[in-house]
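Heads up, input-v8.cif below (mmCIF, C-alpha atoms):
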```cif
data_model
#
loop_
_atom_site.label_atom_id
_atom_site.label_comp_id
_atom_site.auth_asym_id
_atom_site.auth_seq_id
_atom_site.Cartn_x
_atom_site.Cartn_y
_atom_site.Cartn_z
CA MET L 1 120.46 101.67 63.31
CA LYS L 2 121.80 104.87 61.74
CA ASN L 3 125.32 104.37 63.17
CA TYR L 4 125.32 100.59 62.75
CA LYS L 5 128.64 99.25 61.52
CA PRO L 6 128.40 95.98 59.56
CA LYS L 7 130.56 93.04 60.59
CA GLY L 8 133.62 92.26 58.51
CA ARG L 9 134.61 95.84 57.66
CA LEU L 10 138.39 96.24 57.41
CA GLU L 11 140.64 99.19 58.15
CA PRO L 12 140.68 101.75 55.28
CA SER L 13 144.33 100.95 54.52
CA LYS L 14 143.45 97.32 53.72
CA TYR L 15 140.95 98.34 51.03
CA ILE L 16 143.32 100.98 49.63
CA GLU L 17 146.27 98.57 49.43
CA GLY L 18 144.08 95.88 47.86
CA ILE L 19 142.67 98.23 45.22
CA LEU L 20 146.10 99.53 44.24
CA LYS L 21 147.31 95.92 43.89
CA GLY L 22 144.36 95.13 41.61
CA ASP L 23 142.71 92.74 44.09
CA ARG L 24 139.23 92.21 42.60
CA VAL L 25 137.74 90.89 45.85
CA LEU L 26 138.79 93.95 47.87
CA LEU L 27 137.76 96.21 44.97
CA SER L 28 134.26 94.68 45.06
CA ARG L 29 134.06 95.03 48.84
CA ALA L 30 135.14 98.68 48.62
CA ILE L 31 132.49 99.37 45.97
CA THR L 32 129.86 97.80 48.24
CA ILE L 33 130.90 100.28 50.94
CA ILE L 34 130.65 103.18 48.48
CA GLU L 35 127.14 102.11 47.47
CA SER L 36 126.02 101.78 51.09
CA ASN L 37 123.79 104.38 52.76
CA LEU L 38 125.04 103.59 56.27
CA GLU L 39 126.70 106.56 57.97
CA SER L 40 129.69 104.46 59.08
CA ASP L 41 130.21 103.29 55.50
CA LYS L 42 129.94 106.82 54.12
CA ILE L 43 132.84 107.90 56.37
CA LEU L 44 134.88 104.86 55.34
CA ALA L 45 134.07 105.43 51.64
CA LYS L 46 135.28 109.06 51.75
CA GLU L 47 138.61 107.96 53.23
CA ILE L 48 139.09 105.26 50.57
CA ILE L 49 138.20 107.62 47.68
CA GLN L 50 140.48 110.39 48.94
CA ALA L 51 143.42 107.98 49.19
CA ILE L 52 143.03 106.41 45.73
CA LEU L 53 142.26 109.72 43.96
CA PRO L 54 145.89 110.39 42.88
CA HIS L 55 145.95 106.93 41.25
CA SER L 56 142.74 107.43 39.25
CA GLY L 57 141.91 109.19 35.99
CA ASN L 58 144.27 107.11 33.82
CA SER L 59 141.64 105.49 31.65
CA ILE L 60 139.50 106.24 28.63
CA ARG L 61 135.88 106.37 29.83
CA ILE L 62 133.30 105.22 27.28
CA GLY L 63 129.55 105.56 27.72
CA ILE L 64 127.47 103.01 25.79
CA THR L 65 123.73 103.18 25.22
CA GLY L 66 121.26 101.92 22.65
CA VAL L 67 117.68 101.20 21.74
CA PRO L 68 115.93 98.13 23.24
CA GLY L 69 116.89 94.90 21.49
CA VAL L 70 120.07 96.33 20.01
CA GLY L 71 122.22 93.70 21.71
CA LYS L 72 124.17 95.93 24.10
CA SER L 73 125.38 93.13 26.37
CA THR L 74 126.60 91.01 23.44
CA PHE L 75 128.31 94.03 21.88
CA ILE L 76 129.98 95.01 25.17
CA GLU L 77 131.20 91.46 25.80
CA VAL L 78 132.71 91.16 22.30
CA PHE L 79 134.14 94.68 22.50
CA GLY L 80 135.56 93.97 25.96
CA LYS L 81 137.22 90.74 24.80
CA HIS L 82 138.68 92.63 21.84
CA LEU L 83 140.20 95.19 24.21
CA VAL L 84 141.63 92.46 26.46
CA ASP L 85 143.20 90.85 23.38
CA LYS L 86 144.77 94.26 22.66
CA GLY L 87 146.43 94.19 26.08
CA HIS L 88 143.97 96.40 27.98
CA ARG L 89 142.31 95.88 31.35
CA VAL L 90 138.60 96.60 31.10
CA ALA L 91 136.02 97.54 33.73
CA ILE L 92 132.34 97.39 32.79
CA LEU L 93 129.95 99.31 35.00
CA SER L 94 126.44 98.34 34.05
CA ILE L 95 123.55 100.45 35.31
CA ASP L 96 120.66 98.02 35.63
CA PRO L 97 116.95 98.76 35.87
CA SER L 98 115.86 98.56 39.50
CA SER L 99 112.98 97.17 41.39
CA GLN L 100 110.95 100.14 42.58
CA ARG L 101 110.16 98.27 45.80
CA SER L 102 113.56 97.01 46.82
CA LYS L 103 115.73 99.41 44.77
CA GLY L 104 117.79 96.33 43.90
CA SER L 105 119.12 95.26 40.55
CA ILE L 106 116.74 92.99 38.64
CA LEU L 107 119.21 92.17 35.89
CA GLY L 108 122.75 90.92 36.19
CA ASP L 109 125.25 91.51 33.42
CA LYS L 110 127.61 88.90 34.83
CA THR L 111 125.10 86.30 33.68
CA ARG L 112 124.90 87.95 30.25
CA MET L 113 128.68 88.37 29.78
CA GLU L 114 129.91 85.07 31.13
CA GLU L 115 133.08 84.73 29.01
CA LEU L 116 134.25 88.28 29.72
CA ALA L 117 133.43 87.95 33.43
CA ASN L 118 135.80 84.97 33.67
CA MET L 119 138.74 86.92 32.25
CA GLU L 120 141.33 88.11 34.77
CA GLU L 121 141.79 91.37 32.83
CA ALA L 122 138.10 92.28 32.98
CA TYR L 123 135.89 93.40 35.85
CA ILE L 124 132.10 93.63 35.62
CA ARG L 125 130.02 95.43 38.21
CA PRO L 126 126.23 95.62 37.82
CA SER L 127 124.70 98.47 39.83
CA ALA L 128 121.07 99.10 40.64
CA SER L 129 119.85 102.47 39.40
CA GLY L 130 117.54 102.89 42.39
CA ASP L 131 115.71 106.20 42.44
CA THR L 132 118.56 108.33 41.10
CA LEU L 133 117.50 110.67 38.30
CA GLY L 134 117.56 109.03 34.91
CA GLY L 135 118.41 105.60 36.25
CA VAL L 136 122.12 106.29 36.65
CA ALA L 137 123.51 104.71 39.80
CA ASN L 138 124.39 107.42 42.31
CA LYS L 139 127.84 106.05 43.05
CA THR L 140 128.95 105.16 39.51
CA GLY L 141 131.49 107.99 39.46
CA GLU L 142 133.19 106.84 42.65
CA THR L 143 133.15 103.23 41.43
CA MET L 144 134.84 104.36 38.22
CA LEU L 145 137.66 106.00 40.22
CA LEU L 146 138.25 102.82 42.20
CA CYS L 147 138.42 100.74 39.02
CA GLU L 148 140.96 103.14 37.53
CA ALA L 149 143.08 102.99 40.68
CA ALA L 150 142.93 99.18 40.42
CA GLY L 151 144.61 99.43 37.00
CA TYR L 152 141.70 99.25 34.55
CA ASP L 153 142.64 101.53 31.66
CA VAL L 154 139.32 101.28 29.77
CA VAL L 155 136.04 101.86 31.62
CA LEU L 156 132.78 101.08 29.84
CA ILE L 157 129.58 102.45 31.37
CA GLU L 158 126.43 100.80 30.03
CA THR L 159 123.18 102.68 30.61
CA VAL L 160 119.67 101.37 31.20
CA GLY L 161 118.52 102.43 27.75
CA VAL L 162 117.56 105.47 25.77
CA GLY L 163 116.31 108.06 28.26
CA GLN L 164 117.42 110.62 30.84
CA SER L 165 120.28 108.47 32.10
CA GLU L 166 122.27 109.17 28.94
CA THR L 167 122.79 112.83 29.91
CA ALA L 168 124.27 111.78 33.25
CA VAL L 169 126.54 109.14 31.69
CA HIS L 170 127.66 111.57 28.99
CA GLY L 171 128.62 113.91 31.84
CA MET L 172 131.06 111.39 33.33
CA THR L 173 132.62 109.84 30.21
CA ASP L 174 135.07 110.89 27.48
CA PHE L 175 133.49 109.14 24.50
CA PHE L 176 129.79 108.42 23.96
CA LEU L 177 128.73 105.46 21.82
CA LEU L 178 125.17 104.99 20.56
CA LEU L 179 124.08 101.55 19.32
CA MET L 180 121.21 101.44 16.83
CA LEU L 181 119.31 98.89 14.76
CA ALA L 182 118.38 98.90 11.09
CA GLY L 183 115.01 97.79 9.79
CA ALA L 184 113.05 98.70 12.92
CA GLY L 185 110.80 101.23 11.20
CA ASP L 186 111.80 104.82 10.52
CA GLU L 187 115.47 104.87 11.54
CA LEU L 188 115.36 108.41 12.87
CA GLN L 189 112.22 107.98 14.96
CA GLY L 190 112.18 106.70 18.54
CA ILE L 191 115.55 108.28 19.34
CA LYS L 192 115.73 111.65 21.00
CA LYS L 193 117.54 114.42 19.16
CA GLY L 194 119.48 115.26 22.32
CA ILE L 195 120.98 111.76 22.49
CA MET L 196 121.98 111.94 18.83
CA GLU L 197 123.73 115.23 19.53
CA MET L 198 125.70 113.65 22.38
CA ALA L 199 126.92 110.70 20.31
CA ASP L 200 130.59 110.65 19.26
CA MET L 201 129.90 107.49 17.30
CA VAL L 202 126.78 105.69 16.08
CA VAL L 203 127.11 101.95 15.44
CA ILE L 204 124.41 100.06 13.52
CA ASN L 205 124.62 96.68 15.24
CA LYS L 206 123.36 93.32 13.92
CA ALA L 207 124.61 94.18 10.43
CA ASP L 208 124.73 90.59 9.23
CA GLY L 209 122.77 88.16 7.04
CA ASP L 210 119.66 89.67 5.48
CA ASN L 211 120.17 92.83 7.49
CA ILE L 212 123.35 94.01 5.72
CA THR L 213 121.59 96.06 3.02
CA MET L 214 119.24 97.74 5.52
CA SER L 215 122.20 98.47 7.81
CA LYS L 216 124.05 100.25 5.00
CA MET L 217 120.94 102.32 4.29
CA ALA L 218 120.59 103.17 7.99
CA LYS L 219 124.24 104.20 8.08
CA ARG L 220 123.66 106.73 5.27
CA GLN L 221 120.55 108.07 7.02
CA TYR L 222 122.41 108.66 10.27
CA GLN L 223 125.36 110.24 8.50
CA ASN L 224 123.00 112.70 6.81
CA ALA L 225 121.20 113.40 10.10
CA LEU L 226 124.41 114.04 12.03
CA HIS L 227 125.58 116.60 9.47
CA ILE L 228 122.65 118.80 10.51
CA PHE L 229 124.01 119.19 14.04
CA PRO L 230 126.65 121.85 14.80
CA LEU L 231 130.22 120.68 15.43
CA ALA L 232 130.74 119.55 19.03
CA ASP L 233 132.95 121.53 21.44
CA SER L 234 135.49 118.72 21.15
CA GLY L 235 135.99 119.51 17.46
CA TRP L 236 135.15 115.88 16.64
CA SER L 237 132.80 114.96 13.79
CA PRO L 238 130.67 111.96 14.85
CA VAL L 239 131.33 108.72 12.97
CA VAL L 240 128.72 106.20 11.81
CA SER L 241 129.63 102.56 11.17
CA THR L 242 128.05 99.12 10.96
CA ALA L 243 128.93 96.10 13.09
CA SER L 244 127.86 92.61 13.98
CA ALA L 245 128.81 91.77 17.54
CA ILE L 246 127.68 88.17 17.16
CA LYS L 247 129.94 87.75 14.08
CA GLY L 248 132.74 89.92 15.49
CA ILE L 249 132.58 92.27 12.49
CA GLY L 250 133.34 95.99 12.79
CA ILE L 251 134.47 95.84 16.43
CA ASP L 252 138.05 96.87 15.60
CA LYS L 253 136.65 99.93 13.75
CA VAL L 254 134.96 101.13 16.96
CA TRP L 255 138.19 100.99 18.97
CA LYS L 256 140.12 102.64 16.15
CA GLU L 257 137.70 105.59 16.17
CA VAL L 258 137.98 105.88 19.96
CA GLY L 259 141.73 106.18 19.44
CA ASN L 260 141.29 108.82 16.74
CA PHE L 261 139.00 110.79 19.05
CA LYS L 262 141.47 110.58 21.95
CA LYS L 263 144.32 111.79 19.74
CA LEU L 264 142.31 114.80 18.56
CA VAL L 265 141.08 115.90 22.01
CA ASP L 266 144.55 115.46 23.50
CA GLU L 267 146.02 117.70 20.83
CA ASN L 268 143.39 120.45 21.03
CA GLY L 269 143.20 120.44 24.85
CA TYR L 270 139.55 119.43 25.05
CA PHE L 271 140.22 116.19 26.95
CA ILE L 272 141.59 117.92 30.06
CA LYS L 273 139.11 120.79 29.78
CA ASN L 274 136.19 118.34 29.69
CA ARG L 275 137.53 116.26 32.59
CA ASN L 276 137.92 119.44 34.70
CA HIS L 277 134.37 120.51 33.88
CA GLN L 278 133.09 117.05 34.84
CA GLN L 279 134.90 117.19 38.19
CA ILE L 280 133.24 120.51 39.06
CA GLN L 281 129.81 119.25 37.97
CA TRP L 282 130.40 116.12 40.04
CA MET L 283 130.86 118.31 43.13
CA TYR L 284 127.50 120.02 42.52
CA ASN L 285 125.81 116.66 41.90
CA ASN L 286 127.07 115.43 45.27
CA ILE L 287 125.92 118.61 47.01
CA ASN L 288 122.44 118.18 45.51
CA GLU L 289 122.32 114.53 46.56
CA GLU L 290 123.42 115.27 50.12
CA LEU L 291 120.87 118.09 50.45
CA LYS L 292 118.14 115.74 49.24
CA ASN L 293 119.21 113.07 51.76
CA LEU L 294 119.35 115.66 54.53
CA PHE L 295 115.85 116.88 53.74
CA TYR L 296 114.09 113.53 53.32
CA GLY L 297 116.15 111.92 56.08
CA SER L 298 114.69 114.30 58.69
CA GLU L 299 112.04 112.60 60.85
CA THR L 300 110.33 115.95 61.44
CA ILE L 301 110.12 116.65 57.72
CA SER L 302 108.94 113.11 57.00
CA SER L 303 106.00 113.34 59.41
CA GLN L 304 105.02 116.80 58.20
CA LEU L 305 105.11 115.66 54.57
CA LYS L 306 102.58 112.93 55.39
CA TYR L 307 100.33 115.51 57.02
CA LEU L 308 100.66 117.85 54.03
CA GLU L 309 99.82 115.03 51.63
CA LYS L 310 96.48 114.57 53.40
CA GLU L 311 95.86 118.32 53.36
CA ILE L 312 96.52 118.48 49.60
CA VAL L 313 94.17 115.55 48.89
CA ALA L 314 91.49 117.25 51.00
CA SER L 315 92.01 120.46 48.97
CA LYS L 316 92.88 122.38 52.15
CA ILE L 317 96.21 123.58 50.78
CA SER L 318 97.76 123.91 47.32
CA PRO L 319 100.84 121.85 46.39
CA VAL L 320 102.82 125.07 45.88
CA LYS L 321 101.90 126.44 49.31
CA ALA L 322 102.60 123.07 50.91
CA ALA L 323 106.07 123.01 49.36
CA GLN L 324 106.77 126.55 50.59
CA ASN L 325 105.63 125.66 54.13
CA ILE L 326 107.78 122.54 54.38
CA LEU L 327 110.85 124.32 53.01
CA GLU L 328 110.41 127.18 55.49
CA GLU L 329 110.21 124.59 58.27
CA PHE L 330 113.40 122.93 56.96
CA LYS L 331 115.27 126.26 56.95
CA LYS L 332 114.57 126.65 60.69
CA THR L 333 116.77 123.63 61.40
CA PHE L 334 119.88 125.57 60.34
#
```
Now that the file is in, can you turn its structure into C-alpha cells?
Amino acid sequence: MKNYKPKGRLEPSKYIEGILKGDRVLLSRAITIIESNLESDKILAKEIIQAILPHSGNSIRIGITGVPGVGKSTFIEVFGKHLVDKGHRVAILSIDPSSQRSKGSILGDKTRMEELANMEEAYIRPSASGDTLGGVANKTGETMLLCEAAGYDVVLIETVGVGQSETAVHGMTDFFLLLMLAGAGDELQGIKKGIMEMADMVVINKADGDNITMSKMAKRQYQNALHIFPLADSGWSPVVSTASAIKGIGIDKVWKEVGNFKKLVDENGYFIKNRNHQQIQWMYNNINEELKNLFYGSETISSQLKYLEKEIVASKISPVKAAQNILEEFKKTF
C-alpha cells in the first residue's frame, strides 16, 4: 500500500501548466496531492512545487485569527469581496479543527463563505489541521505557493482560533491580524500576551448597534496595552480599529493599513529579510516533520513503542529511560 498510486493522477507538467494558467480545478487537484501522505504523491508534489517556485512569492500574505464568536468567517468573506472589488485575486486558506479519529476537517468554510466562494477571482481551500502542532495544516505553506503561482496576489490564512497555531501562521505570513470583541468581559483577559505581541493590527469586530460605545472603549484599552510592548523588528507600530463586517464598516481601513505596513517594510528592507528568514525556518520545519514521519513510520519502532508502553504502565521502566532506549534503537537503523 505504501507505493500505491491513485487512479487519475496526471503527468507533473499538466498540473504545472494548469496552475500557471489559473485553472482552479487543477490547482485543487495539485493541493490534494500535496496534502497526501502517499509516497508516490510526495514525489509528484516535490516536482510540482519545484517547478512553480519561481512563479510564487508575489502576494501579500495575511494571517487572521480571533477569539471564539468574533465572526472570523463573516469578516473574511466581506474583506475578501472588498479585495476582489479592488481588482485583487484572493486565496483563503482556512485551517479547520480536525476530527481526532479521522484527522479530517469537521468544518467547511466554503459553506460559510458562499458568496465569496462563487467569485471567479477568489479561491477558498479548507484544510484539516490533523495532528500538526498548534492545529496548523502541515502543507499550508506549499498550498500558499501554489495559489501564488496561480495568480492570487492576496493570501489570507485563517487559523483555528487563539492558541499555538498563531505562532506557526505568524511564521509564514507578512501581516498578522487579530480580531477581537468588545463587551465580553475584561477586554485584556482571555488573550495571550504573545499573540498580542505578534499582532500588526487589532480589529474590534461587531462594532455596530448597541455595541458601538463598548467597541470604542475596547479600542482605547487595546491601544494602551499595545504601547507597553517594544517596537517590532519591522519598525511598525500596531494599529487598533473598529469594524462591523456584517454592516461593511471599517473594512477599507483594514486594507489601507495593510498597504501602509507593506510600504514601510519595503522601504526599510524588513519585508525581504522576513521572507528569507521564513524560508530558512520552513526548511527546518520540513526536516523535523520528515524525521518524525521516519521515526513513527518504522514498523520496528512502532512495535517496540507498544511494548514500552506496557512496561511503563507496569512501572518496570521510567518514561525517560524508555525514550532513551527507543531512540538508541532508532539510531542503529542508520
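With CA of Lys247 (chain L) on one side and CA of Ala207 (chain L) on the other, the separation reads 9.1 Å.
Once the PyMOL selection byres ((chain L and resi 57) around 10) is applied to the shown structure, the selection contains Leu53, Pro54, His55, Ser56, Asn58, Ser59, Ile60, Arg61, Met144, Leu145, Leu146, Cys147, Glu148, Ala149, Asp153 and Arg275 of chain L.
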*asked:* Under the PyMOL selection byres ((chain L and resi 30) around 10), which residues of this model are included? Write them out as a list of chain:residue names.
replied: L:Arg9, L:Leu10, L:Pro12, L:Lys14, L:Tyr15, L:Ile16, L:Gly18, L:Ile19, L:Arg24, L:Val25, L:Leu26, L:Leu27, L:Ser28, L:Arg29, L:Ile31, L:Thr32, L:Ile33, L:Ile34, L:Glu35, L:Ser36, L:Asp41, L:Leu44, L:Ala45, L:Ile48, L:Ile49, L:Thr143, L:Leu146
*Quote the spacing between CA of Gln223 (chain L) and CA of Val239 (chain L) in Å to one decimal place.*
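Taking CA of Gln223 (chain L) as the start and CA of Val239 (chain L) as the end point, the length is 7.6 Å.
Comparing L:Val202, L:Val258, L:Val265, L:Ile287 by their smallest distance to Val240 (chain L), the closest is L:Val202 (using only C-alpha atoms).
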_For Val254 (chain L): contacts at 12 Å, all atoms listed in the file, fewer than 6 positions along chain excluded, given as a ChimeraX atom specification_ = /L:62,64,75-76,78-80,82-83,175-179,200-205,238-245,248,260-261
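Here CA of Val155 (chain L) and CA of Val90 (chain L) stand 5.9 Å from one another.
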*Can you pull out every residue within 10 Å of Asp233 (chain L), counting all atoms listed in the file, but drop anything in the same chain fewer than 2 positions away, and send it as a VMD selection string?*
chain L and resid 230 to 231 235 to 236 265 270 274
Kindly save the residues from that selection, with C-alpha atoms included, as a compact mmCIF listing (two decimals), keeping the file's coordinate frame.
```
# COMPACT_ATOMS: atom_id res chain seq x y z
CA PRO L 230 126.65 121.85 14.80
CA LEU L 231 130.22 120.68 15.43
CA GLY L 235 135.99 119.51 17.46
CA TRP L 236 135.15 115.88 16.64
CA VAL L 265 141.08 115.90 22.01
CA TYR L 270 139.55 119.43 25.05
CA ASN L 274 136.19 118.34 29.69
```
